[in-house]
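Following: one structure in structure tokens, then a few remarks.
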Amino acid sequence: MDRQVYIRDIAAEDGREALLRGWLYGKRSSGKLHFLQVRDGTGLIQCVLSKKDVPEAAFAAADKAPQEASVEVRGKVAKDPRSPIGYELHVTDFRVLQGEAGYPIQPKEHGVGFLQEQRHLWLRSSRQRLILAVRHSIIKAIRDYFDSRGFTLVDAPILTPAACEGTSTLFEVPYFDLGKAFLTQSGQLYGEAAAMAVGKAYVFGPTFRAEKSKTRRHLTEFWMVEPEVAYLDLDGDMDLAEDFIVEIVRAVVASHEQELKSILERDVEALKRVCKPFPRITYTEAIEYIQKTGHPIKWGDDLGGDEETILCKQFDRPVMVHRYPAEMKAFYFKKDPKDPKVALGVDVLAPEGYGEIVGGGQREDDYATLKAEIEKHNLPLDAFQWYLDLRKYGSVPHAGFGLGVERTVAWICGLHHVRETIPFPRMMERLTP
RNA sequence: UCCCCGAUAGCUCAGCUGGCAGAGCAACGGACUGUUAAUCCGUGGGUCGCUGGUUCGAUCCCAGCUCGGGGAGCCA
């Protein structure tokens with residue numbers, strides 16, 4: 001009788017006595033009956049207290065119990081067609097461990113700012129709990145994918161001496177007598193070093209960008225997974241990204257299909273259409289297509305949010321745009337030998353208007369060319385000497401990409417904003433809770 | 001950094017031409033044996049974001065500031 005049962009497993013307990021430990025999600029009352037909605041982190045179940053079936057103190061405690069009080073409920077599991085999960089608990093005893101009136105989040109609509117203030121409590125709602133679970137599944141699918149294909153997880157440092165790409169603004173940290181350190185904006189350069197050691201490597205960790213971006217797609221702290229593979233070219237890189245994304249989506253749909261539909265109202269059929277092959281178009285073809293829709297854009301312009309939307313709305317699966325103008329890309333991209341104006345880079349744009357979730361490509365593997373690029377971008381040569389070494393001692397063609405975890409969660413869950421995809425989002429105007 | 005919008009009860013909001021601060025929900029007290037954001041009766045609850053200006057009088061008009069939301073650029 002003291003065996004705790006989780007709501008997720010309740011069907012196996014049909015007709016038996018069970019002890020639930022959880023929190024009071026909601027409550028309705030009809031005098032001599034109390035209906036308690038109890039959640040335990042694995043699900044939500046209605047617990048029915050009939051005055052004649054429980055001790056007087058238990059009935060009174062249920063009457064007084066405030067929202068989100070921690071509770072212990074004993075009772076008999078019973079099938080009920082009125083229950084969304086098919087079962088409810090006919091309570092024989094009930095007690096409150098702790099609770100206080102005034103729980104801030106009510107079962108009604110709230111403003112975004114308020115909910116973010118209450119993020120530590122907001123996580124308890126069924127919608128947020130599901131998003132956390134999907135995020136977990138995505139991260140697990142990412143790791144399973146690489147772990148089962150001979151990749152080695154290599155952790156890149158978070159404190160770094162200089163910019164990886166030189167364009168983004170970095171967070172500065174004082175660093176003893178060495179002056180300043182910076183929070184990493186990408187583990188890729190270290191991933192390249194690792195790939196020369198283990199062949200297939202992936203870096204998985206947090207990333208920091210001090211850019212003053214205020215949009216639904218930006219956080220100042222986010223998670224990125226960055227595979228890097230020796231002896232891989234751009235085509236192989238696109239094959240890898242495509243196979244990888246298909247597998248992540250498949251894994252999430254396999255484990256969360258019903259909840260995605262019922263709690264997030266996600267169009268799961270759209271996710272099921274994510275299969276190989278993804279369309280692959282060059283940047284030049286993309287520009288031509290956008291021009292045909294009457295949008296003023298010329299070769300050399302960046303694809304902004306509007307342009308990305310125009311492009312990915314014509315496909316029912318992610319689209320790969322490759323061979324961008326070299327001018328637009330970071331110094332480490334290899335140029336296309338057939339057309340040095342373009343870099344061997346690829347972006348993967350998620351469908352349904354979610355935009356870029358992957359950026360990557362083939363790296364420059366020639367010492368002299370890379371050195372010239374570093375100088376051209378006015379980057380400190382001494383800080384990149386170790387990176388140049390990789391082109392000096394056994395250089396090979398290699399490629400990789402970075403996938404943004406939060407944008408992937410937003411896309412798969414069908415969320416409007418990435419701030420809901422991470423437990424405690426860090427944004428330009430928000431550092432708490 | 002730039003552009004747009006907003007700030008009134010715990011929450012979501014209304015507040016007319018500048019003239020006593022409002023509703024719904026929540027909380028609290030009560031009624032109710034099948035409720036699904038239950039219903040019904042009752043009670044309490046305000047530095048109208050901050051600072052200044054105009055005015056007999058400012059939640060309302062004006063300026064600056066702070067905070068929040070949306071977007072751009074940049075990116076994942």
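In the structure tokens, chains take letters A, B, ... by order of appearance, with residues numbered from 1 within each chain and ligands from 1 in the order shown.
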What's around segment 48-54 of chain B at 10 Å? Count only C-alpha atoms (C1' of nucleotides), leave out sequence neighbours fewer than 2 positions away in its own chain, and write the answer as a ChimeraX atom specification.
/B:7-8,21,46,58-59,61-67
Write a file of the selected residues as an mmCIF file, in the first residue's frame, keeping N, CA, C and O atoms (P, O5', C5', C4', C3', O3' and C1' of nucleotides).
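The resulting file, result_29.cif, is reproduced below:
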```cif
data_model
loop_
_atom_site.group_PDB
_atom_site.id
_atom_site.type_symbol
_atom_site.label_atom_id
_atom_site.label_comp_id
_atom_site.auth_asym_id
_atom_site.auth_seq_id
_atom_site.Cartn_x
_atom_site.Cartn_y
_atom_site.Cartn_z
ATOM 1 P P A B 7 -1.097 50.726 -21.824
ATOM 2 O "O5'" A B 7 -0.173 50.125 -20.671
ATOM 3 C "C5'" A B 7 -0.367 48.793 -20.202
ATOM 4 C "C4'" A B 7 0.641 48.482 -19.116
ATOM 5 C "C3'" A B 7 0.448 49.280 -17.822
ATOM 6 O "O3'" A B 7 0.816 48.465 -16.711
ATOM 7 C "C1'" A B 7 2.598 49.716 -18.715
ATOM 8 P P U B 8 -0.341 47.848 -15.788
ATOM 9 O "O5'" U B 8 -1.271 49.103 -15.460
ATOM 10 C "C5'" U B 8 -0.993 49.932 -14.353
ATOM 11 C "C4'" U B 8 -2.259 50.338 -13.664
ATOM 12 C "C3'" U B 8 -3.171 49.181 -13.257
ATOM 13 O "O3'" U B 8 -2.759 48.565 -12.050
ATOM 14 C "C1'" U B 8 -4.449 50.820 -14.353
ATOM 15 P P A B 21 -11.081 58.628 -7.750
ATOM 16 O "O5'" A B 21 -11.565 57.256 -8.389
ATOM 17 C "C5'" A B 21 -12.170 57.226 -9.667
ATOM 18 C "C4'" A B 21 -12.357 55.796 -10.125
ATOM 19 C "C3'" A B 21 -12.995 54.893 -9.074
ATOM 20 O "O3'" A B 21 -13.904 53.990 -9.707
ATOM 21 C "C1'" A B 21 -10.907 53.994 -9.745
ATOM 22 P P G B 46 -5.810 48.365 -1.571
ATOM 23 O "O5'" G B 46 -4.818 48.787 -2.739
ATOM 24 C "C5'" G B 46 -4.372 47.910 -3.752
ATOM 25 C "C4'" G B 46 -3.822 48.723 -4.888
ATOM 26 C "C3'" G B 46 -3.358 50.126 -4.521
ATOM 27 O "O3'" G B 46 -2.198 50.457 -5.256
ATOM 28 C "C1'" G B 46 -5.081 50.265 -6.150
ATOM 29 P P A B 58 -3.818 67.525 -11.125
ATOM 30 O "O5'" A B 58 -4.582 66.755 -12.295
ATOM 31 C "C5'" A B 58 -5.502 65.701 -11.999
ATOM 32 C "C4'" A B 58 -5.233 64.513 -12.912
ATOM 33 C "C3'" A B 58 -3.862 63.868 -12.723
ATOM 34 O "O3'" A B 58 -3.973 62.481 -13.005
ATOM 35 C "C1'" A B 58 -4.030 64.671 -14.912
ATOM 36 P P U B 59 -4.172 61.418 -11.796
ATOM 37 O "O5'" U B 59 -4.161 60.007 -12.532
ATOM 38 C "C5'" U B 59 -2.955 59.374 -12.892
ATOM 39 C "C4'" U B 59 -3.157 58.471 -14.077
ATOM 40 C "C3'" U B 59 -3.433 59.185 -15.390
ATOM 41 O "O3'" U B 59 -2.221 59.563 -16.011
ATOM 42 C "C1'" U B 59 -4.968 57.390 -15.099
ATOM 43 P P C B 61 -3.743 60.661 -23.216
ATOM 44 O "O5'" C B 61 -3.279 62.176 -23.380
ATOM 45 C "C5'" C B 61 -4.015 63.086 -24.178
ATOM 46 C "C4'" C B 61 -3.313 64.419 -24.227
ATOM 47 C "C3'" C B 61 -1.791 64.348 -24.252
ATOM 48 O "O3'" C B 61 -1.300 64.116 -25.555
ATOM 49 C "C1'" C B 61 -2.472 65.934 -22.634
ATOM 50 P P C B 62 0.076 63.312 -25.777
ATOM 51 O "O5'" C B 62 1.170 64.388 -25.354
ATOM 52 C "C5'" C B 62 1.340 65.602 -26.068
ATOM 53 C "C4'" C B 62 2.463 66.409 -25.469
ATOM 54 C "C3'" C B 62 3.751 65.631 -25.222
ATOM 55 O "O3'" C B 62 4.534 65.509 -26.392
ATOM 56 C "C1'" C B 62 3.216 66.910 -23.297
ATOM 57 P P A B 63 5.523 64.235 -26.558
ATOM 58 O "O5'" A B 63 6.730 64.596 -25.585
ATOM 59 C "C5'" A B 63 7.558 65.726 -25.856
ATOM 60 C "C4'" A B 63 8.580 65.903 -24.757
ATOM 61 C "C3'" A B 63 9.383 64.653 -24.410
ATOM 62 O "O3'" A B 63 10.457 64.437 -25.301
ATOM 63 C "C1'" A B 63 8.609 65.674 -22.422
ATOM 64 P P G B 64 10.992 62.948 -25.579
ATOM 65 O "O5'" G B 64 11.801 62.600 -24.247
ATOM 66 C "C5'" G B 64 12.993 63.321 -23.932
ATOM 67 C "C4'" G B 64 13.404 63.039 -22.509
ATOM 68 C "C3'" G B 64 13.641 61.573 -22.158
ATOM 69 O "O3'" G B 64 14.919 61.109 -22.570
ATOM 70 C "C1'" G B 64 12.315 62.573 -20.488
ATOM 71 P P C B 65 15.112 59.544 -22.963
ATOM 72 O "O5'" C B 65 14.979 58.789 -21.558
ATOM 73 C "C5'" C B 65 15.956 58.988 -20.547
ATOM 74 C "C4'" C B 65 15.494 58.408 -19.242
ATOM 75 C "C3'" C B 65 15.274 56.900 -19.225
ATOM 76 O "O3'" C B 65 16.483 56.184 -19.063
ATOM 77 C "C1'" C B 65 13.449 57.981 -18.168
ATOM 78 P P U B 66 16.627 54.706 -19.678
ATOM 79 O "O5'" U B 66 15.731 53.806 -18.715
ATOM 80 C "C5'" U B 66 16.074 53.654 -17.340
ATOM 81 C "C4'" U B 66 15.005 52.880 -16.619
ATOM 82 C "C3'" U B 66 14.627 51.545 -17.253
ATOM 83 O "O3'" U B 66 15.537 50.516 -16.900
ATOM 84 C "C1'" U B 66 12.664 52.733 -16.698
ATOM 85 P P C B 67 15.830 49.327 -17.953
ATOM 86 O "O5'" C B 67 14.503 48.454 -17.917
ATOM 87 C "C5'" C B 67 14.126 47.775 -16.739
ATOM 88 C "C4'" C B 67 12.687 47.330 -16.814
ATOM 89 C "C3'" C B 67 12.325 46.445 -18.000
ATOM 90 O "O3'" C B 67 12.717 45.093 -17.813
ATOM 91 C "C1'" C B 67 10.684 48.113 -17.774
#
```
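The residues of chain A lying at most 6 Å from chain B, with only C-alpha atoms (C1' of nucleotides) taken into account, are Arg28, Ser30, Gly31, Lys32, Leu33, Pro107, Ile357 and Gly404 of chain A.
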What would the file look like if the residues just selected were written as a PDB file, in the first residue's frame with N, CA and C atoms?
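Result written to selection-v9.pdb:
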```pdb
ATOM      1  N   ARG A  28     -12.212  21.100  -8.239  1.00  0.00           N
ATOM      2  CA  ARG A  28     -13.603  21.541  -8.316  1.00  0.00           C
ATOM      3  C   ARG A  28     -14.341  20.821  -7.215  1.00  0.00           C
ATOM      4  N   SER A  30     -18.293  19.915  -5.253  1.00  0.00           N
ATOM      5  CA  SER A  30     -19.756  19.940  -5.259  1.00  0.00           C
ATOM      6  C   SER A  30     -20.273  19.558  -3.875  1.00  0.00           C
ATOM      7  N   GLY A  31     -19.811  20.241  -2.859  1.00  0.00           N
ATOM      8  CA  GLY A  31     -20.322  19.998  -1.521  1.00  0.00           C
ATOM      9  C   GLY A  31     -19.772  18.754  -0.884  1.00  0.00           C
ATOM     10  N   LYS A  32     -20.425  17.605  -1.172  1.00  0.00           N
ATOM     11  CA  LYS A  32     -19.967  16.364  -0.552  1.00  0.00           C
ATOM     12  C   LYS A  32     -19.030  15.577  -1.466  1.00  0.00           C
ATOM     13  N   LEU A  33     -18.671  16.196  -2.602  1.00  0.00           N
ATOM     14  CA  LEU A  33     -17.712  15.578  -3.534  1.00  0.00           C
ATOM     15  C   LEU A  33     -16.609  16.580  -3.855  1.00  0.00           C
ATOM     16  N   PRO A 107      -5.545  28.921 -14.319  1.00  0.00           N
ATOM     17  CA  PRO A 107      -5.954  28.262 -15.560  1.00  0.00           C
ATOM     18  C   PRO A 107      -6.685  29.234 -16.472  1.00  0.00           C
ATOM     19  N   ILE A 357      17.894  26.062 -39.365  1.00  0.00           N
ATOM     20  CA  ILE A 357      18.183  25.269 -38.172  1.00  0.00           C
ATOM     21  C   ILE A 357      19.598  24.693 -38.219  1.00  0.00           C
ATOM     22  N   GLY A 404      21.058  24.057 -34.258  1.00  0.00           N
ATOM     23  CA  GLY A 404      20.571  24.758 -33.073  1.00  0.00           C
ATOM     24  C   GLY A 404      19.456  23.962 -32.416  1.00  0.00           C
TER      25      GLY A 404
END
```
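Running DSSP on the backbone gives alpha helix (DSSP H) for these residues within segment 35-85 of chain A: Glu56, Ala57, Ala58, Phe59, Ala60, Ala61, Ala62, Asp63 and Lys64 of chain A.
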Apply DSSP to the backbone of this structure and, from segment 238-420 of chain A, keep only the residues in strand (DSSP E); write these as a PyMOL selection string.
chain A and resi 280-282+319-322+335-336+339-343+345-350+355-362+398-404
Using only C-alpha atoms, find the one residue out of A:Pro423, A:Gly359, A:Pro380, A:Gly294 that sits nearest to Ala162 of chain A.
A:Pro380
Close residues, segment 84-97 of chain A itself excluded, 7 Å, only C-alpha atoms (C1' of nucleotides), min 3 positions apart in chain, as an mmCIF file with N, CA, C and O atoms, in the first residue's frame:
```cif
data_model
loop_
_atom_site.group_PDB
_atom_site.id
_atom_site.type_symbol
_atom_site.label_atom_id
_atom_site.label_comp_id
_atom_site.auth_asym_id
_atom_site.auth_seq_id
_atom_site.Cartn_x
_atom_site.Cartn_y
_atom_site.Cartn_z
ATOM 1 N N ILE A 45 -4.265 13.153 -13.364
ATOM 2 C CA ILE A 45 -5.401 12.269 -13.148
ATOM 3 C C ILE A 45 -6.386 12.950 -12.219
ATOM 4 O O ILE A 45 -5.986 13.737 -11.351
ATOM 5 N N GLN A 46 -7.672 12.671 -12.437
ATOM 6 C CA GLN A 46 -8.680 13.215 -11.524
ATOM 7 C C GLN A 46 -8.877 12.258 -10.363
ATOM 8 O O GLN A 46 -9.093 11.064 -10.547
ATOM 9 N N CYS A 47 -8.808 12.813 -9.141
ATOM 10 C CA CYS A 47 -9.025 12.041 -7.935
ATOM 11 C C CYS A 47 -10.352 12.479 -7.324
ATOM 12 O O CYS A 47 -10.564 13.670 -7.098
ATOM 13 N N VAL A 48 -11.247 11.520 -7.089
ATOM 14 C CA VAL A 48 -12.578 11.846 -6.586
ATOM 15 C C VAL A 48 -12.676 11.494 -5.108
ATOM 16 O O VAL A 48 -12.435 10.353 -4.714
ATOM 17 N N LEU A 49 -12.997 12.517 -4.286
ATOM 18 C CA LEU A 49 -13.204 12.280 -2.857
ATOM 19 C C LEU A 49 -14.695 12.363 -2.568
ATOM 20 O O LEU A 49 -15.319 13.406 -2.796
ATOM 21 N N ASP A 53 -16.618 8.317 1.993
ATOM 22 C CA ASP A 53 -15.578 7.288 1.807
ATOM 23 C C ASP A 53 -14.222 7.638 2.408
ATOM 24 O O ASP A 53 -13.310 6.824 2.363
ATOM 25 N N VAL A 54 -14.055 8.858 2.879
ATOM 26 C CA VAL A 54 -12.735 9.250 3.388
ATOM 27 C C VAL A 54 -12.871 9.798 4.811
ATOM 28 O O VAL A 54 -13.941 10.256 5.209
ATOM 29 N N PRO A 55 -11.776 9.755 5.590
ATOM 30 C CA PRO A 55 -11.801 10.342 6.932
ATOM 31 C C PRO A 55 -12.182 11.821 6.845
ATOM 32 O O PRO A 55 -11.870 12.496 5.862
ATOM 33 N N ALA A 58 -9.405 14.209 6.058
ATOM 34 C CA ALA A 58 -8.959 14.158 4.674
ATOM 35 C C ALA A 58 -9.876 14.992 3.791
ATOM 36 O O ALA A 58 -9.436 15.734 2.914
ATOM 37 N N ALA A 61 -9.207 18.587 4.442
ATOM 38 C CA ALA A 61 -7.908 18.974 3.871
ATOM 39 C C ALA A 61 -8.035 19.219 2.373
ATOM 40 O O ALA A 61 -7.451 20.157 1.826
ATOM 41 N N ALA A 65 -7.152 22.602 0.405
ATOM 42 C CA ALA A 65 -5.868 22.505 -0.300
ATOM 43 C C ALA A 65 -5.758 23.546 -1.417
ATOM 44 O O ALA A 65 -6.612 23.605 -2.299
ATOM 45 N N ALA A 69 -0.415 22.656 -4.166
ATOM 46 C CA ALA A 69 0.037 22.057 -2.908
ATOM 47 C C ALA A 69 0.630 20.688 -3.210
ATOM 48 O O ALA A 69 0.181 19.992 -4.126
ATOM 49 N N SER A 70 1.652 20.290 -2.454
ATOM 50 C CA SER A 70 2.172 18.932 -2.596
ATOM 51 C C SER A 70 1.250 17.992 -1.822
ATOM 52 O O SER A 70 0.891 18.282 -0.686
ATOM 53 N N VAL A 71 0.858 16.893 -2.459
ATOM 54 C CA VAL A 71 -0.182 16.034 -1.873
ATOM 55 C C VAL A 71 0.162 14.548 -2.006
ATOM 56 O O VAL A 71 0.897 14.143 -2.911
ATOM 57 N N GLU A 72 -0.395 13.774 -1.078
ATOM 58 C CA GLU A 72 -0.360 12.310 -1.146
ATOM 59 C C GLU A 72 -1.790 11.821 -1.229
ATOM 60 O O GLU A 72 -2.619 12.216 -0.404
ATOM 61 N N VAL A 73 -2.059 10.967 -2.202
ATOM 62 C CA VAL A 73 -3.416 10.467 -2.382
ATOM 63 C C VAL A 73 -3.399 8.949 -2.432
ATOM 64 O O VAL A 73 -2.623 8.361 -3.174
ATOM 65 N N ARG A 74 -4.259 8.340 -1.635
ATOM 66 C CA ARG A 74 -4.437 6.894 -1.711
ATOM 67 C C ARG A 74 -5.831 6.619 -2.232
ATOM 68 O O ARG A 74 -6.777 7.345 -1.906
ATOM 69 N N GLY A 75 -5.973 5.574 -3.023
ATOM 70 C CA GLY A 75 -7.300 5.267 -3.533
ATOM 71 C C GLY A 75 -7.257 4.111 -4.502
ATOM 72 O O GLY A 75 -6.214 3.485 -4.709
ATOM 73 N N LYS A 76 -8.444 3.833 -5.063
ATOM 74 C CA LYS A 76 -8.573 2.713 -5.974
ATOM 75 C C LYS A 76 -8.657 3.222 -7.403
ATOM 76 O O LYS A 76 -9.435 4.132 -7.702
ATOM 77 N N VAL A 77 -7.834 2.639 -8.247
ATOM 78 C CA VAL A 77 -7.824 3.044 -9.656
ATOM 79 C C VAL A 77 -9.071 2.479 -10.340
ATOM 80 O O VAL A 77 -9.363 1.292 -10.219
ATOM 81 N N ALA A 78 -9.807 3.355 -11.030
ATOM 82 C CA ALA A 78 -11.055 2.915 -11.657
ATOM 83 C C ALA A 78 -11.159 3.462 -13.072
ATOM 84 O O ALA A 78 -10.869 4.629 -13.318
ATOM 85 N N LYS A 79 -11.593 2.599 -13.972
ATOM 86 C CA LYS A 79 -11.859 3.051 -15.348
ATOM 87 C C LYS A 79 -13.002 4.052 -15.334
ATOM 88 O O LYS A 79 -13.954 3.907 -14.578
ATOM 89 N N ASP A 80 -12.913 5.088 -16.168
ATOM 90 C CA ASP A 80 -14.045 6.006 -16.294
ATOM 91 C C ASP A 80 -14.018 6.625 -17.677
ATOM 92 O O ASP A 80 -13.029 7.234 -18.076
ATOM 93 N N PRO A 81 -15.112 6.459 -18.417
ATOM 94 C CA PRO A 81 -15.147 6.972 -19.790
ATOM 95 C C PRO A 81 -15.073 8.500 -19.850
ATOM 96 O O PRO A 81 -14.727 9.061 -20.880
#
```
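Residues lying within 12 Å of Leu240 of chain A, counting only C-alpha atoms (C1' of nucleotides) and ignoring same-chain neighbours fewer than 6 positions away, are Tyr145, Phe146, Arg149, Lys200, Glu226, Pro227, Glu228, Val229, Leu232, Asp233, Leu234, Val246, Glu247, Lys276, Pro277, Phe278, Met320, Val346, Val348, Val358, Gly360, Gly361, Ala399, Gly400, Phe401, Gly402 and Leu403 of chain A.
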Students should find that atom CA of Leu19 of chain A and atom CA of Pro66 of chain A are spaced 20.1 Å
Would you mind listing what lies within 12 Å of Phe151 of chain A as a PDB file with N, CA and C atoms, in the first residue's frame, with only C-alpha atoms (C1' of nucleotides) counted and same-chain residues fewer than 3 positions away left out?
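Result written to result-v9.pdb:
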```pdb
ATOM      1  N   ILE A 142      19.720  13.029 -30.829  1.00  0.00           N
ATOM      2  CA  ILE A 142      20.975  13.570 -31.366  1.00  0.00           C
ATOM      3  C   ILE A 142      22.146  12.696 -30.911  1.00  0.00           C
ATOM      4  N   ARG A 143      22.168  12.420 -29.625  1.00  0.00           N
ATOM      5  CA  ARG A 143      23.299  11.649 -29.089  1.00  0.00           C
ATOM      6  C   ARG A 143      23.269  10.215 -29.593  1.00  0.00           C
ATOM      7  N   ASP A 144      22.067   9.627 -29.610  1.00  0.00           N
ATOM      8  CA  ASP A 144      21.953   8.258 -30.118  1.00  0.00           C
ATOM      9  C   ASP A 144      22.437   8.182 -31.562  1.00  0.00           C
ATOM     10  N   TYR A 145      22.061   9.195 -32.346  1.00  0.00           N
ATOM     11  CA  TYR A 145      22.428   9.179 -33.763  1.00  0.00           C
ATOM     12  C   TYR A 145      23.945   9.106 -33.924  1.00  0.00           C
ATOM     13  N   PHE A 146      24.646  10.021 -33.273  1.00  0.00           N
ATOM     14  CA  PHE A 146      26.099  10.055 -33.458  1.00  0.00           C
ATOM     15  C   PHE A 146      26.795   8.897 -32.749  1.00  0.00           C
ATOM     16  N   ASP A 147      26.295   8.582 -31.555  1.00  0.00           N
ATOM     17  CA  ASP A 147      26.946   7.507 -30.791  1.00  0.00           C
ATOM     18  C   ASP A 147      26.891   6.181 -31.544  1.00  0.00           C
ATOM     19  N   SER A 148      25.799   5.959 -32.286  1.00  0.00           N
ATOM     20  CA  SER A 148      25.649   4.667 -32.959  1.00  0.00           C
ATOM     21  C   SER A 148      26.310   4.655 -34.333  1.00  0.00           C
ATOM     22  N   VAL A 154      33.245  15.098 -28.177  1.00  0.00           N
ATOM     23  CA  VAL A 154      34.416  15.848 -27.737  1.00  0.00           C
ATOM     24  C   VAL A 154      33.937  17.205 -27.228  1.00  0.00           C
ATOM     25  N   GLY A 191      36.141  21.311 -32.776  1.00  0.00           N
ATOM     26  CA  GLY A 191      35.624  20.095 -33.388  1.00  0.00           C
ATOM     27  C   GLY A 191      36.493  19.643 -34.552  1.00  0.00           C
ATOM     28  N   ALA A 194      39.410  17.943 -33.192  1.00  0.00           N
ATOM     29  CA  ALA A 194      39.016  16.625 -32.702  1.00  0.00           C
ATOM     30  C   ALA A 194      38.830  15.640 -33.853  1.00  0.00           C
ATOM     31  N   ALA A 195      38.270  16.120 -34.971  1.00  0.00           N
ATOM     32  CA  ALA A 195      38.027  15.232 -36.111  1.00  0.00           C
ATOM     33  C   ALA A 195      39.344  14.681 -36.657  1.00  0.00           C
ATOM     34  N   ALA A 197      41.720  13.901 -34.847  1.00  0.00           N
ATOM     35  CA  ALA A 197      42.176  12.913 -33.870  1.00  0.00           C
ATOM     36  C   ALA A 197      41.346  11.645 -33.905  1.00  0.00           C
ATOM     37  N   VAL A 198      40.021  11.800 -34.040  1.00  0.00           N
ATOM     38  CA  VAL A 198      39.133  10.634 -33.928  1.00  0.00           C
ATOM     39  C   VAL A 198      38.362  10.327 -35.210  1.00  0.00           C
ATOM     40  N   GLY A 199      38.545  11.128 -36.237  1.00  0.00           N
ATOM     41  CA  GLY A 199      37.869  10.874 -37.508  1.00  0.00           C
ATOM     42  C   GLY A 199      36.485  11.493 -37.567  1.00  0.00           C
ATOM     43  N   LYS A 200      35.614  11.024 -36.680  1.00  0.00           N
ATOM     44  CA  LYS A 200      34.261  11.595 -36.627  1.00  0.00           C
ATOM     45  C   LYS A 200      34.029  12.090 -35.202  1.00  0.00           C
ATOM     46  N   ALA A 201      33.817  13.380 -35.056  1.00  0.00           N
ATOM     47  CA  ALA A 201      33.643  13.968 -33.726  1.00  0.00           C
ATOM     48  C   ALA A 201      32.346  14.752 -33.686  1.00  0.00           C
ATOM     49  N   TYR A 202      31.780  14.906 -32.484  1.00  0.00           N
ATOM     50  CA  TYR A 202      30.723  15.915 -32.349  1.00  0.00           C
ATOM     51  C   TYR A 202      30.882  16.659 -31.039  1.00  0.00           C
ATOM     52  N   VAL A 203      30.671  17.954 -31.138  1.00  0.00           N
ATOM     53  CA  VAL A 203      30.724  18.846 -29.991  1.00  0.00           C
ATOM     54  C   VAL A 203      29.286  19.166 -29.622  1.00  0.00           C
ATOM     55  N   PHE A 204      28.965  19.091 -28.351  1.00  0.00           N
ATOM     56  CA  PHE A 204      27.589  19.381 -27.938  1.00  0.00           C
ATOM     57  C   PHE A 204      27.634  20.202 -26.654  1.00  0.00           C
ATOM     58  N   GLU A 226      27.475  20.064 -32.976  1.00  0.00           N
ATOM     59  CA  GLU A 226      28.313  20.339 -34.136  1.00  0.00           C
ATOM     60  C   GLU A 226      29.173  19.135 -34.503  1.00  0.00           C
ATOM     61  N   PRO A 227      28.658  18.298 -35.420  1.00  0.00           N
ATOM     62  CA  PRO A 227      29.482  17.190 -35.896  1.00  0.00           C
ATOM     63  C   PRO A 227      30.554  17.713 -36.855  1.00  0.00           C
ATOM     64  N   GLU A 228      31.680  17.022 -36.872  1.00  0.00           N
ATOM     65  CA  GLU A 228      32.780  17.384 -37.775  1.00  0.00           C
ATOM     66  C   GLU A 228      33.446  16.085 -38.204  1.00  0.00           C
ATOM     67  N   VAL A 229      33.627  15.918 -39.510  1.00  0.00           N
ATOM     68  CA  VAL A 229      34.085  14.625 -40.029  1.00  0.00           C
ATOM     69  C   VAL A 229      35.268  14.813 -40.980  1.00  0.00           C
ATOM     70  N   ALA A 230      36.346  14.064 -40.716  1.00  0.00           N
ATOM     71  CA  ALA A 230      37.505  14.081 -41.612  1.00  0.00           C
ATOM     72  C   ALA A 230      37.182  13.318 -42.887  1.00  0.00           C
TER      73      ALA A 230
END
```
Please provide the set of residues having any atom within 8 Å of Tyr354 of chain A, restricted to only C-alpha atoms (C1' of nucleotides), with same-chain residues fewer than 4 positions apart removed, written as a short mmCIF file (atom, residue, chain, number, x, y, z; two decimals) with N, CA and C atoms, in the first residue's frame.
```
data_model
loop_
_atom_site.label_atom_id
_atom_site.label_comp_id
_atom_site.auth_asym_id
_atom_site.auth_seq_id
_atom_site.Cartn_x
_atom_site.Cartn_y
_atom_site.Cartn_z
N THR A 309 11.31 32.54 -45.74
CA THR A 309 9.92 32.07 -45.69
C THR A 309 9.39 31.78 -47.08
N LEU A 349 17.02 24.95 -44.13
CA LEU A 349 15.87 25.75 -43.69
C LEU A 349 14.71 24.81 -43.36
N ALA A 350 14.22 24.91 -42.14
CA ALA A 350 13.09 24.08 -41.74
C ALA A 350 11.82 24.57 -42.42
N ARG A 407 15.98 25.99 -31.91
CA ARG A 407 15.18 26.18 -33.14
C ARG A 407 14.58 24.86 -33.61
N ALA A 410 11.61 24.26 -31.38
CA ALA A 410 10.51 25.15 -31.76
C ALA A 410 9.80 24.63 -33.01
N TRP A 411 10.58 24.19 -33.97
CA TRP A 411 10.00 23.68 -35.22
C TRP A 411 9.19 22.41 -34.95
#
```
Using only C-alpha atoms, the shortest atom-to-atom distance to Ser395 of chain A among A:Ile105, A:Asp365, A:Leu431, A:Lys180 belongs to A:Asp365
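Shell of Arg3 of chain A at 9 Å, with only C-alpha atoms (C1' of nucleotides) counted and residues fewer than 2 places along the chain excluded, is A:Met1, A:Val5, A:Ala18, A:Leu19, A:Leu20.
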Writer output for current selection, N, CA and C atoms, as an mmCIF file, in the first residue's frame:
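Written out: result.cif:
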```cif
data_model
loop_
_atom_site.group_PDB
_atom_site.id
_atom_site.type_symbol
_atom_site.label_atom_id
_atom_site.label_comp_id
_atom_site.auth_asym_id
_atom_site.auth_seq_id
_atom_site.Cartn_x
_atom_site.Cartn_y
_atom_site.Cartn_z
ATOM 1 N N MET A 1 0.828 -1.214 0.000
ATOM 2 C CA MET A 1 0.000 0.000 0.000
ATOM 3 C C MET A 1 0.861 1.262 0.000
ATOM 4 N N VAL A 5 2.730 4.832 -7.098
ATOM 5 C CA VAL A 5 2.426 4.549 -8.494
ATOM 6 C C VAL A 5 2.512 5.853 -9.273
ATOM 7 N N ALA A 18 -3.786 2.296 -4.902
ATOM 8 C CA ALA A 18 -2.561 2.946 -5.332
ATOM 9 C C ALA A 18 -2.284 4.164 -4.463
ATOM 10 N N LEU A 19 -0.999 4.473 -4.341
ATOM 11 C CA LEU A 19 -0.581 5.704 -3.665
ATOM 12 C C LEU A 19 0.034 6.624 -4.709
ATOM 13 N N LEU A 20 -0.518 7.823 -4.832
ATOM 14 C CA LEU A 20 0.033 8.819 -5.737
ATOM 15 C C LEU A 20 0.681 9.929 -4.911
#
```
